[in-house]
file start.cif (mmCIF, C-alpha atoms and all ligand atoms)
data_target
#
loop_
_atom_site.group_PDB
_atom_site.id
_atom_site.type_symbol
_atom_site.label_atom_id
_atom_site.label_comp_id
_atom_site.auth_asym_id
_atom_site.auth_seq_id
_atom_site.Cartn_x
_atom_site.Cartn_y
_atom_site.Cartn_z
ATOM 1 C CA MET Y 753 0.000 0.000 0.000
ATOM 2 C CA PRO Y 754 1.514 3.375 -0.939
ATOM 3 C CA GLU Y 755 2.084 5.999 1.732
ATOM 4 C CA LEU Y 756 -0.626 8.628 2.141
ATOM 5 C CA GLN Y 757 0.797 12.132 2.300
ATOM 6 C CA ILE Y 758 -1.057 15.154 3.641
ATOM 7 C CA ILE Y 759 0.797 18.119 2.214
ATOM 8 C CA GLY Y 760 0.597 21.490 3.946
ATOM 9 C CA GLY Y 761 1.703 23.319 7.074
ATOM 10 C CA PRO Y 762 0.144 22.076 10.326
ATOM 11 C CA GLN Y 763 -0.996 25.604 11.255
ATOM 12 C CA SER Y 764 -3.688 25.510 8.549
ATOM 13 C CA ASN Y 765 -7.159 24.673 9.844
ATOM 14 C CA TYR Y 766 -7.899 22.824 6.595
ATOM 15 C CA VAL Y 767 -4.729 20.726 6.843
ATOM 16 C CA ARG Y 768 -5.809 19.860 10.360
ATOM 17 C CA VAL Y 769 -9.235 18.746 9.154
ATOM 18 C CA ALA Y 770 -7.588 16.228 6.815
ATOM 19 C CA ARG Y 771 -5.324 15.027 9.623
ATOM 20 C CA ILE Y 772 -8.247 14.601 12.039
ATOM 21 C CA ALA Y 773 -10.085 12.634 9.329
ATOM 22 C CA CYS Y 774 -7.082 10.300 8.913
ATOM 23 C CA ALA Y 775 -6.867 9.781 12.666
ATOM 24 C CA GLU Y 776 -10.598 9.103 13.039
ATOM 25 C CA LYS Y 777 -10.531 6.660 10.111
ATOM 26 C CA GLY Y 778 -7.394 4.974 11.434
ATOM 27 C CA VAL Y 779 -5.365 5.759 8.308
ATOM 28 C CA PRO Y 780 -1.613 6.268 8.754
ATOM 29 C CA TYR Y 781 -0.193 9.262 6.913
ATOM 30 C CA THR Y 782 2.897 11.377 6.598
ATOM 31 C CA LEU Y 783 2.587 15.131 6.993
ATOM 32 C CA VAL Y 784 4.647 17.151 4.516
ATOM 33 C CA PRO Y 785 4.696 20.575 6.191
ATOM 34 C CA VAL Y 786 5.020 23.041 3.350
ATOM 35 C CA MET Y 787 3.625 26.532 2.819
ATOM 36 C CA PRO Y 788 0.943 27.394 0.254
ATOM 37 C CA HIS Y 789 2.208 28.176 -3.249
ATOM 38 C CA THR Y 790 5.282 25.932 -2.976
ATOM 39 C CA PRO Y 791 6.048 23.367 -5.692
ATOM 40 C CA GLU Y 792 4.719 20.379 -3.686
ATOM 41 C CA VAL Y 793 1.300 22.048 -3.489
ATOM 42 C CA ILE Y 794 -0.533 20.565 -6.454
ATOM 43 C CA HIS Y 795 -3.603 22.821 -6.139
ATOM 44 C CA PRO Y 796 -4.793 24.973 -9.016
ATOM 45 C CA PHE Y 797 -4.619 28.048 -6.758
ATOM 46 C CA GLY Y 798 -1.693 26.963 -4.567
ATOM 47 C CA LYS Y 799 -3.736 26.313 -1.418
ATOM 48 C CA ILE Y 800 -3.152 23.711 1.288
ATOM 49 C CA PRO Y 801 -3.902 20.912 2.001
ATOM 50 C CA VAL Y 802 -3.208 18.652 -0.897
ATOM 51 C CA MET Y 803 -2.924 14.882 -0.729
ATOM 52 C CA ARG Y 804 -0.867 12.276 -2.504
ATOM 53 C CA HIS Y 805 -1.574 8.523 -2.359
ATOM 54 C CA GLY Y 806 0.267 6.535 -4.998
ATOM 55 C CA ASP Y 807 -0.986 7.867 -8.327
ATOM 56 C CA VAL Y 808 -3.845 9.812 -6.737
ATOM 57 C CA THR Y 809 -3.296 13.497 -6.021
ATOM 58 C CA LEU Y 810 -6.090 15.668 -4.703
ATOM 59 C CA SER Y 811 -6.587 19.238 -3.600
ATOM 60 C CA GLU Y 812 -9.372 20.711 -1.414
ATOM 61 C CA SER Y 813 -9.980 19.434 2.103
ATOM 62 C CA ARG Y 814 -13.504 18.218 1.329
ATOM 63 C CA ALA Y 815 -12.316 16.077 -1.602
ATOM 64 C CA ILE Y 816 -9.394 14.764 0.442
ATOM 65 C CA CYS Y 817 -11.696 13.802 3.319
ATOM 66 C CA PHE Y 818 -14.093 12.083 0.909
ATOM 67 C CA TYR Y 819 -11.192 10.006 -0.382
ATOM 68 C CA ILE Y 820 -9.981 9.135 3.117
ATOM 69 C CA ASP Y 821 -13.507 8.119 4.097
ATOM 70 C CA HIS Y 822 -14.171 5.947 1.028
ATOM 71 C CA ALA Y 823 -10.794 4.501 0.030
ATOM 72 C CA PHE Y 824 -10.001 2.877 3.362
ATOM 73 C CA ASP Y 825 -11.585 0.526 5.852
ATOM 74 C CA GLY Y 826 -12.612 2.026 9.160
ATOM 75 C CA PRO Y 827 -15.552 3.862 10.702
ATOM 76 C CA ALA Y 828 -17.668 5.998 8.354
ATOM 77 C CA LEU Y 829 -16.742 9.656 8.814
ATOM 78 C CA ALA Y 830 -20.063 10.844 7.387
ATOM 79 C CA PRO Y 831 -23.484 9.209 7.581
ATOM 80 C CA ARG Y 832 -24.235 7.014 4.564
ATOM 81 C CA HIS Y 833 -27.971 7.747 4.883
ATOM 82 C CA PRO Y 834 -28.992 10.423 2.331
ATOM 83 C CA VAL Y 835 -30.379 12.836 4.909
ATOM 84 C CA GLY Y 836 -27.509 12.519 7.380
ATOM 85 C CA GLY Y 837 -24.972 12.652 4.555
ATOM 86 C CA ALA Y 838 -26.622 15.741 3.105
ATOM 87 C CA ARG Y 839 -26.745 17.443 6.516
ATOM 88 C CA THR Y 840 -23.019 16.785 6.902
ATOM 89 C CA GLU Y 841 -22.371 18.394 3.497
ATOM 90 C CA GLU Y 842 -24.656 21.262 4.469
ATOM 91 C CA TRP Y 843 -22.586 22.043 7.560
ATOM 92 C CA ILE Y 844 -19.261 21.634 5.791
ATOM 93 C CA SER Y 845 -20.446 24.052 3.136
ATOM 94 C CA LEU Y 846 -21.800 26.562 5.669
ATOM 95 C CA VAL Y 847 -18.502 26.541 7.524
ATOM 96 C CA ASN Y 848 -16.319 26.685 4.413
ATOM 97 C CA THR Y 849 -18.239 29.352 2.537
ATOM 98 C CA THR Y 850 -19.542 31.592 5.334
ATOM 99 C CA ILE Y 851 -17.980 30.923 8.737
ATOM 100 C CA ASP Y 852 -14.308 30.349 7.819
ATOM 101 C CA PRO Y 853 -14.138 33.452 5.572
ATOM 102 C CA LEU Y 854 -15.295 35.666 8.459
ATOM 103 C CA LEU Y 855 -13.777 33.996 11.520
ATOM 104 C CA VAL Y 856 -10.452 32.893 10.047
ATOM 105 C CA ARG Y 857 -9.716 34.792 6.808
ATOM 106 C CA GLN Y 858 -10.993 38.163 8.124
ATOM 107 C CA TYR Y 859 -10.903 38.222 11.935
ATOM 108 C CA LEU Y 860 -8.002 35.921 12.806
ATOM 109 C CA ALA Y 861 -5.909 37.073 9.863
ATOM 110 C CA ALA Y 862 -6.230 40.634 11.174
ATOM 111 C CA TYR Y 863 -4.196 39.471 14.187
ATOM 112 C CA PHE Y 864 -1.676 37.209 12.465
ATOM 113 C CA PHE Y 865 -1.297 38.922 9.072
ATOM 114 C CA PRO Y 866 -2.493 42.448 9.941
ATOM 115 C CA ARG Y 867 -1.047 44.417 6.994
ATOM 116 C CA THR Y 868 -0.695 47.443 9.286
ATOM 117 C CA GLN Y 869 2.321 49.747 9.153
ATOM 118 C CA ASP Y 870 3.414 48.958 12.725
ATOM 119 C CA GLY Y 871 2.484 45.252 12.556
ATOM 120 C CA ARG Y 872 -0.151 45.694 15.294
ATOM 121 C CA PRO Y 873 -3.520 43.907 14.949
ATOM 122 C CA ASN Y 874 -5.742 45.543 12.360
ATOM 123 C CA LYS Y 875 -8.409 47.043 14.650
ATOM 124 C CA GLY Y 876 -10.584 48.316 11.832
ATOM 125 C CA VAL Y 877 -10.855 44.884 10.235
ATOM 126 C CA ILE Y 878 -11.386 43.191 13.621
ATOM 127 C CA ASP Y 879 -14.119 45.588 14.748
ATOM 128 C CA ALA Y 880 -15.889 45.305 11.406
ATOM 129 C CA ALA Y 881 -16.075 41.512 11.808
ATOM 130 C CA LEU Y 882 -17.498 41.443 15.350
ATOM 131 C CA PRO Y 883 -21.251 42.011 14.776
ATOM 132 C CA ARG Y 884 -21.458 39.250 12.171
ATOM 133 C CA MET Y 885 -19.290 36.998 14.343
ATOM 134 C CA GLU Y 886 -21.875 37.327 17.128
ATOM 135 C CA GLU Y 887 -24.466 36.002 14.665
ATOM 136 C CA HIS Y 888 -22.245 33.106 13.639
ATOM 137 C CA PHE Y 889 -21.585 32.098 17.240
ATOM 138 C CA ALA Y 890 -25.334 32.201 17.974
ATOM 139 C CA VAL Y 891 -26.069 29.959 14.970
ATOM 140 C CA LEU Y 892 -23.403 27.448 15.991
ATOM 141 C CA ASP Y 893 -24.427 27.523 19.650
ATOM 142 C CA SER Y 894 -27.980 26.639 18.759
ATOM 143 C CA ALA Y 895 -26.892 24.007 16.198
ATOM 144 C CA VAL Y 896 -25.065 21.926 18.806
ATOM 145 C CA ALA Y 897 -27.481 22.576 21.689
ATOM 146 C CA LYS Y 898 -29.582 19.448 21.258
ATOM 147 C CA THR Y 899 -27.096 16.608 20.719
ATOM 148 C CA GLY Y 900 -23.652 18.135 21.168
ATOM 149 C CA HIS Y 901 -22.932 17.421 17.475
ATOM 150 C CA LEU Y 902 -23.653 19.297 14.257
ATOM 151 C CA VAL Y 903 -25.310 16.279 12.630
ATOM 152 C CA GLY Y 904 -27.312 13.630 14.461
ATOM 153 C CA ASP Y 905 -25.711 12.319 17.600
ATOM 154 C CA SER Y 906 -22.307 11.236 16.393
ATOM 155 C CA PHE Y 907 -18.994 12.905 15.602
ATOM 156 C CA THR Y 908 -18.888 13.433 11.816
ATOM 157 C CA LEU Y 909 -16.804 15.266 9.252
ATOM 158 C CA ALA Y 910 -19.004 18.289 9.928
ATOM 159 C CA ASP Y 911 -17.570 18.447 13.461
ATOM 160 C CA MET Y 912 -14.029 17.635 12.266
ATOM 161 C CA ASN Y 913 -14.291 20.573 9.872
ATOM 162 C CA LEU Y 914 -15.381 23.038 12.575
ATOM 163 C CA LEU Y 915 -13.138 22.028 15.474
ATOM 164 C CA PRO Y 916 -9.903 23.588 14.119
ATOM 165 C CA ILE Y 917 -11.668 26.938 13.709
ATOM 166 C CA LEU Y 918 -12.932 26.861 17.303
ATOM 167 C CA PHE Y 919 -9.355 26.153 18.443
ATOM 168 C CA PHE Y 920 -8.345 29.458 16.847
ATOM 169 C CA MET Y 921 -11.339 31.256 18.358
ATOM 170 C CA GLU Y 922 -10.043 30.436 21.828
ATOM 171 C CA LYS Y 923 -6.806 32.295 21.113
ATOM 172 C CA ALA Y 924 -7.967 35.854 20.386
ATOM 173 C CA PRO Y 925 -9.778 38.047 22.922
ATOM 174 C CA GLU Y 926 -13.095 38.931 21.248
ATOM 175 C CA SER Y 927 -13.703 35.457 19.857
ATOM 176 C CA ARG Y 928 -12.715 33.854 23.165
ATOM 177 C CA ALA Y 929 -15.317 36.013 24.934
ATOM 178 C CA MET Y 930 -17.944 34.972 22.360
ATOM 179 C CA LEU Y 931 -17.044 31.302 22.774
ATOM 180 C CA ASN Y 932 -17.249 31.580 26.557
ATOM 181 C CA ARG Y 933 -20.695 33.183 26.293
ATOM 182 C CA SER Y 934 -21.884 30.397 23.936
ATOM 183 C CA ARG Y 935 -22.502 27.765 26.584
ATOM 184 C CA ASN Y 936 -23.424 24.883 24.263
ATOM 185 C CA LEU Y 937 -20.681 25.600 21.776
ATOM 186 C CA LYS Y 938 -18.054 25.883 24.490
ATOM 187 C CA ALA Y 939 -19.071 22.514 25.985
ATOM 188 C CA TYR Y 940 -19.090 21.026 22.466
ATOM 189 C CA TYR Y 941 -15.605 22.369 21.778
ATOM 190 C CA GLU Y 942 -14.129 21.141 25.047
ATOM 191 C CA ARG Y 943 -15.642 17.677 24.710
ATOM 192 C CA HIS Y 944 -14.504 17.081 21.142
ATOM 193 C CA GLN Y 945 -11.126 18.750 21.585
ATOM 194 C CA ALA Y 946 -10.423 15.993 24.138
ATOM 195 C CA ARG Y 947 -10.560 13.335 21.370
ATOM 196 C CA ALA Y 948 -7.202 11.789 20.495
ATOM 197 C CA SER Y 949 -7.590 12.904 16.852
ATOM 198 C CA ALA Y 950 -7.897 16.522 17.985
ATOM 199 C CA LYS Y 951 -5.252 16.440 20.729
ATOM 200 C CA ASP Y 952 -2.700 14.788 18.439
ATOM 201 C CA THR Y 953 -3.123 17.448 15.747
ATOM 202 C CA ILE Y 954 -2.900 20.624 17.840
ATOM 203 C CA PRO Y 955 -1.116 23.023 15.512
ATOM 204 C CA PRO Y 956 2.234 24.458 16.541
ATOM 205 C CA PRO Y 957 2.336 28.273 16.539
ATOM 206 C CA PHE Y 958 3.600 30.014 13.425
ATOM 207 C CA PRO Y 959 7.414 30.061 13.181
ATOM 208 C CA GLY Y 960 8.814 32.872 15.297
ATOM 209 C CA ARG Y 961 5.882 32.862 17.756
ATOM 210 C CA SER Y 962 5.889 31.079 21.099
ATOM 211 C CA SER Y 963 2.112 30.598 21.353
ATOM 212 C CA TRP Y 964 -1.175 31.125 19.540
ATOM 213 C CA GLU Y 965 -2.526 33.576 22.120
ATOM 214 C CA VAL Y 966 -2.877 37.143 20.843
ATOM 215 C CA GLU Y 967 -3.804 40.352 22.666
ATOM 216 C CA GLY Y 968 -6.281 42.959 21.500
HETATM 217 N N1 LIG N 1001 -11.241 25.397 0.045
HETATM 218 C C1 LIG N 1001 -9.898 25.015 0.460
HETATM 219 C C2 LIG N 1001 -9.330 26.132 1.308
HETATM 220 C C3 LIG N 1001 -7.879 25.902 1.668
HETATM 221 C C4 LIG N 1001 -7.249 27.160 2.216
HETATM 222 O O1 LIG N 1001 -7.818 28.264 2.190
HETATM 223 N N2 LIG N 1001 -6.023 26.995 2.709
HETATM 224 C C5 LIG N 1001 -5.291 28.124 3.178
HETATM 225 C C6 LIG N 1001 -4.525 27.763 4.461
HETATM 226 S S1 LIG N 1001 -5.671 27.441 5.778
HETATM 227 C C7 LIG N 1001 -4.289 28.541 2.106
HETATM 228 O O2 LIG N 1001 -3.703 27.703 1.469
HETATM 229 N N3 LIG N 1001 -4.140 29.853 1.917
HETATM 230 C C8 LIG N 1001 -3.243 30.387 0.936
HETATM 231 C C9 LIG N 1001 -3.963 31.134 -0.141
HETATM 232 O O3 LIG N 1001 -5.211 31.290 -0.066
HETATM 233 O O4 LIG N 1001 -3.317 31.580 -1.071
HETATM 234 C C10 LIG N 1001 -9.932 23.673 1.217
HETATM 235 O O5 LIG N 1001 -10.981 23.342 1.778
HETATM 236 O O6 LIG N 1001 -8.916 22.956 1.219
#

call {"tool": "encode", "arguments": {"input": "start.cif", "output": "structure tokens", "more": "lines below"}}
Ligand SMILES: N[C@@H](CCC(=O)N[C@@H](CS)C(=O)NCC(=O)O)C(=O)O
result
Amino acid sequence: MPELQIIGGPQSNYVRVARIACAEKGVPYTLVPVMPHTPEVIHPFGKIPVMRHGDVTLSESRAICFYIDHAFDGPALAPRHPVGGARTEEWISLVNTTIDPLLVRQYLAAYFFPRTQDGRPNKGVIDAALPRMEEHFAVLDSAVAKTGHLVGDSFTLADMNLLPILFFMEKAPESRAMLNRSRNLKAYYERHQARASAKDTIPPPFPGRSSWEVEG
């Protein structure tokens, strides 16, 4: 059996999703920790993660997770029932198209890649994100209130896809306060973050930083 490679730096939430999926499925893999837009990154737009398994190369975390879930033996990572499967896709899409762009690409990036003259967090960008972030936290808090999962009552790819974003939300002040106020979401995060697949994939801070925590 050829080696499965997950290609991309471990700080990326989407690389982490693929790694959590491998761990949950019980699939051994090698992490190739490279930055976006480097030659190993076989993605049409240079993004990470990408995956290599023998002759198969794939980009996009959702496609990679589909492959991991269907090419190997092990527990199903998404319900095979049409409704449960569709709900899982629904949540992955909501997170990837609406929640990640605001919480990670806008808010978190304003701390880590601020594009300010003095390198300080970009307050304007952060403050502009906060009202919509409150809405997103409320939606997520209510989504997990009933069962402690996004879909049905088991841990699926929908949860694997969200967990790495919540990890980041704990590290910056405004999002940490929102998470702490979102009682159901906070309990959800703490419970699932205790899984081996999540603990074993905690991302190291960016090179040159000693931790993920940032100040406002
Ligand atoms: N839709 C992609 C998104 C991947 C993505 O945005 N990766 C980020 C790192 S978390 C990246 O490569 N950013 C570099 C860029 O956008 O140029 C997926 O699900 O894999």

call {"tool": "closest_residue", "arguments": {"input": "start.cif", "among": "Y:Val779, Y:Ile794, Y:Ala895, Y:Ala823", "to": "ligand LIG 1001 (chain N)", "atoms": "all atoms listed in the file"}}
result
Y:Ile794

call {"tool": "closest_atom_pairs", "arguments": {"input": "start.cif", "of": "chain Y", "to": "ligand LIG 1001 (chain N)", "cutoff": "8 Å", "atoms": "all atoms listed in the file", "output": "CSV"}}
result
residue,atom,partner,partner_atom,distance
Y:Gly760,CA,N:LIG1001,O2,8.0
Y:Gln763,CA,N:LIG1001,S1,7.4
Y:Ser764,CA,N:LIG1001,S1,3.9
Y:Asn765,CA,N:LIG1001,S1,5.1
Y:Tyr766,CA,N:LIG1001,S1,5.2
Y:Val767,CA,N:LIG1001,S1,6.9
Y:Met787,CA,N:LIG1001,O2,7.5
Y:Pro788,CA,N:LIG1001,O2,4.8
Y:His789,CA,N:LIG1001,O4,6.8
Y:Phe797,CA,N:LIG1001,O4,6.8
Y:Gly798,CA,N:LIG1001,O4,6.0
Y:Lys799,CA,N:LIG1001,O2,3.2
Y:Ile800,CA,N:LIG1001,O2,4.0
Y:Pro801,CA,N:LIG1001,O6,5.5
Y:Val802,CA,N:LIG1001,O6,7.5
Y:Ser811,CA,N:LIG1001,O6,6.5
Y:Glu812,CA,N:LIG1001,O6,3.5
Y:Ser813,CA,N:LIG1001,O6,3.8
Y:Arg814,CA,N:LIG1001,O5,5.7
Y:Asn848,CA,N:LIG1001,N1,6.8

call {"tool": "closest_residue", "arguments": {"input": "start.cif", "among": "Y:Ile954, Y:Phe889, Y:Pro754, Y:Ser894", "to": "Gly806 of chain Y", "atoms": "only C-alpha atoms"}}
result
Y:Pro754

call {"tool": "residues_around", "arguments": {"input": "start.cif", "residues": "Ala861 of chain Y", "least_positions_apart": "2", "cutoff": "12 Å", "atoms": "only C-alpha atoms", "output": "list in words"}}
result
Ser764, Asp852, Pro853, Leu854, Leu855, Val856, Arg857, Gln858, Tyr859, Tyr863, Phe864, Phe865, Pro866, Arg867, Thr868, Arg872, Pro873, Asn874, Lys875, Val877, Ile878, Ala881, Phe920, Met921, Ala924 and Val966 of chain Y

call {"tool": "atom_distance", "arguments": {"input": "start.cif", "atom1": "atom CA of Glu842 of chain Y", "atom2": "atom CA of Ala897 of chain Y"}}
result
17.5 Å

call {"tool": "decode", "arguments": {"input": "start.cif", "residues": "segment 791-813 of chain Y", "atoms": "N, CA, C and O atoms", "output": "mmCIF file, in the first residue's frame"}}
result
data_model
loop_
_atom_site.group_PDB
_atom_site.id
_atom_site.type_symbol
_atom_site.label_atom_id
_atom_site.label_comp_id
_atom_site.auth_asym_id
_atom_site.auth_seq_id
_atom_site.Cartn_x
_atom_site.Cartn_y
_atom_site.Cartn_z
ATOM 1 N N PRO Y 791 6.190 24.315 -4.576
ATOM 2 C CA PRO Y 791 6.048 23.367 -5.692
ATOM 3 C C PRO Y 791 5.309 22.081 -5.327
ATOM 4 O O PRO Y 791 4.617 21.505 -6.173
ATOM 5 N N GLU Y 792 5.419 21.616 -4.082
ATOM 6 C CA GLU Y 792 4.719 20.379 -3.686
ATOM 7 C C GLU Y 792 3.207 20.551 -3.680
ATOM 8 O O GLU Y 792 2.457 19.573 -3.653
ATOM 9 N N VAL Y 793 2.729 21.785 -3.666
ATOM 10 C CA VAL Y 793 1.300 22.048 -3.489
ATOM 11 C C VAL Y 793 0.599 21.992 -4.854
ATOM 12 O O VAL Y 793 0.536 22.978 -5.584
ATOM 13 N N ILE Y 794 0.070 20.798 -5.137
ATOM 14 C CA ILE Y 794 -0.533 20.565 -6.454
ATOM 15 C C ILE Y 794 -2.003 20.981 -6.386
ATOM 16 O O ILE Y 794 -2.920 20.153 -6.362
ATOM 17 N N HIS Y 795 -2.249 22.255 -6.233
ATOM 18 C CA HIS Y 795 -3.603 22.821 -6.139
ATOM 19 C C HIS Y 795 -3.668 23.905 -7.195
ATOM 20 O O HIS Y 795 -2.705 24.669 -7.349
ATOM 21 N N PRO Y 796 -4.763 23.989 -7.926
ATOM 22 C CA PRO Y 796 -4.793 24.973 -9.016
ATOM 23 C C PRO Y 796 -4.546 26.398 -8.557
ATOM 24 O O PRO Y 796 -4.105 27.241 -9.339
ATOM 25 N N PHE Y 797 -4.847 26.693 -7.258
ATOM 26 C CA PHE Y 797 -4.619 28.048 -6.758
ATOM 27 C C PHE Y 797 -3.584 28.066 -5.625
ATOM 28 O O PHE Y 797 -3.510 29.026 -4.860
ATOM 29 N N GLY Y 798 -2.825 26.981 -5.504
ATOM 30 C CA GLY Y 798 -1.693 26.963 -4.567
ATOM 31 C C GLY Y 798 -2.057 26.798 -3.107
ATOM 32 O O GLY Y 798 -1.250 27.052 -2.217
ATOM 33 N N LYS Y 799 -3.305 26.378 -2.820
ATOM 34 C CA LYS Y 799 -3.736 26.313 -1.418
ATOM 35 C C LYS Y 799 -3.425 24.956 -0.790
ATOM 36 O O LYS Y 799 -3.308 23.950 -1.496
ATOM 37 N N ILE Y 800 -3.353 24.945 0.533
ATOM 38 C CA ILE Y 800 -3.152 23.711 1.288
ATOM 39 C C ILE Y 800 -4.432 23.400 2.054
ATOM 40 O O ILE Y 800 -5.172 24.338 2.409
ATOM 41 N N PRO Y 801 -4.726 22.088 2.265
ATOM 42 C CA PRO Y 801 -3.902 20.912 2.001
ATOM 43 C C PRO Y 801 -4.051 20.395 0.574
ATOM 44 O O PRO Y 801 -5.035 20.676 -0.113
ATOM 45 N N VAL Y 802 -3.031 19.581 0.205
ATOM 46 C CA VAL Y 802 -3.208 18.652 -0.897
ATOM 47 C C VAL Y 802 -2.817 17.274 -0.376
ATOM 48 O O VAL Y 802 -2.249 17.142 0.722
ATOM 49 N N MET Y 803 -3.157 16.267 -1.167
ATOM 50 C CA MET Y 803 -2.924 14.882 -0.729
ATOM 51 C C MET Y 803 -2.302 14.097 -1.870
ATOM 52 O O MET Y 803 -2.626 14.337 -3.042
ATOM 53 N N ARG Y 804 -1.413 13.186 -1.507
ATOM 54 C CA ARG Y 804 -0.867 12.276 -2.504
ATOM 55 C C ARG Y 804 -0.974 10.863 -1.948
ATOM 56 O O ARG Y 804 -0.619 10.597 -0.794
ATOM 57 N N HIS Y 805 -1.485 9.930 -2.760
ATOM 58 C CA HIS Y 805 -1.574 8.523 -2.359
ATOM 59 C C HIS Y 805 -1.313 7.699 -3.611
ATOM 60 O O HIS Y 805 -2.210 7.528 -4.450
ATOM 61 N N GLY Y 806 -0.085 7.221 -3.757
ATOM 62 C CA GLY Y 806 0.267 6.535 -4.998
ATOM 63 C C GLY Y 806 0.073 7.482 -6.173
ATOM 64 O O GLY Y 806 0.619 8.591 -6.188
ATOM 65 N N ASP Y 807 -0.745 7.047 -7.136
ATOM 66 C CA ASP Y 807 -0.986 7.867 -8.327
ATOM 67 C C ASP Y 807 -2.055 8.934 -8.108
ATOM 68 O O ASP Y 807 -2.320 9.738 -9.004
ATOM 69 N N VAL Y 808 -2.721 8.884 -6.962
ATOM 70 C CA VAL Y 808 -3.845 9.812 -6.737
ATOM 71 C C VAL Y 808 -3.334 11.083 -6.073
ATOM 72 O O VAL Y 808 -2.738 11.030 -4.992
ATOM 73 N N THR Y 809 -3.559 12.223 -6.706
ATOM 74 C CA THR Y 809 -3.296 13.497 -6.021
ATOM 75 C C THR Y 809 -4.612 14.275 -5.992
ATOM 76 O O THR Y 809 -5.380 14.234 -6.951
ATOM 77 N N LEU Y 810 -4.839 14.926 -4.873
ATOM 78 C CA LEU Y 810 -6.090 15.668 -4.703
ATOM 79 C C LEU Y 810 -5.809 16.984 -4.011
ATOM 80 O O LEU Y 810 -4.941 17.070 -3.137
ATOM 81 N N SER Y 811 -6.582 17.994 -4.358
ATOM 82 C CA SER Y 811 -6.587 19.238 -3.600
ATOM 83 C C SER Y 811 -7.971 19.401 -2.975
ATOM 84 O O SER Y 811 -8.885 18.636 -3.281
ATOM 85 N N GLU Y 812 -8.114 20.369 -2.086
ATOM 86 C CA GLU Y 812 -9.372 20.711 -1.414
ATOM 87 C C GLU Y 812 -9.684 19.713 -0.287
ATOM 88 O O GLU Y 812 -9.860 18.517 -0.507
ATOM 89 N N SER Y 813 -9.797 20.277 0.911
ATOM 90 C CA SER Y 813 -9.980 19.434 2.103
ATOM 91 C C SER Y 813 -11.215 18.537 1.984
ATOM 92 O O SER Y 813 -11.185 17.373 2.412
#
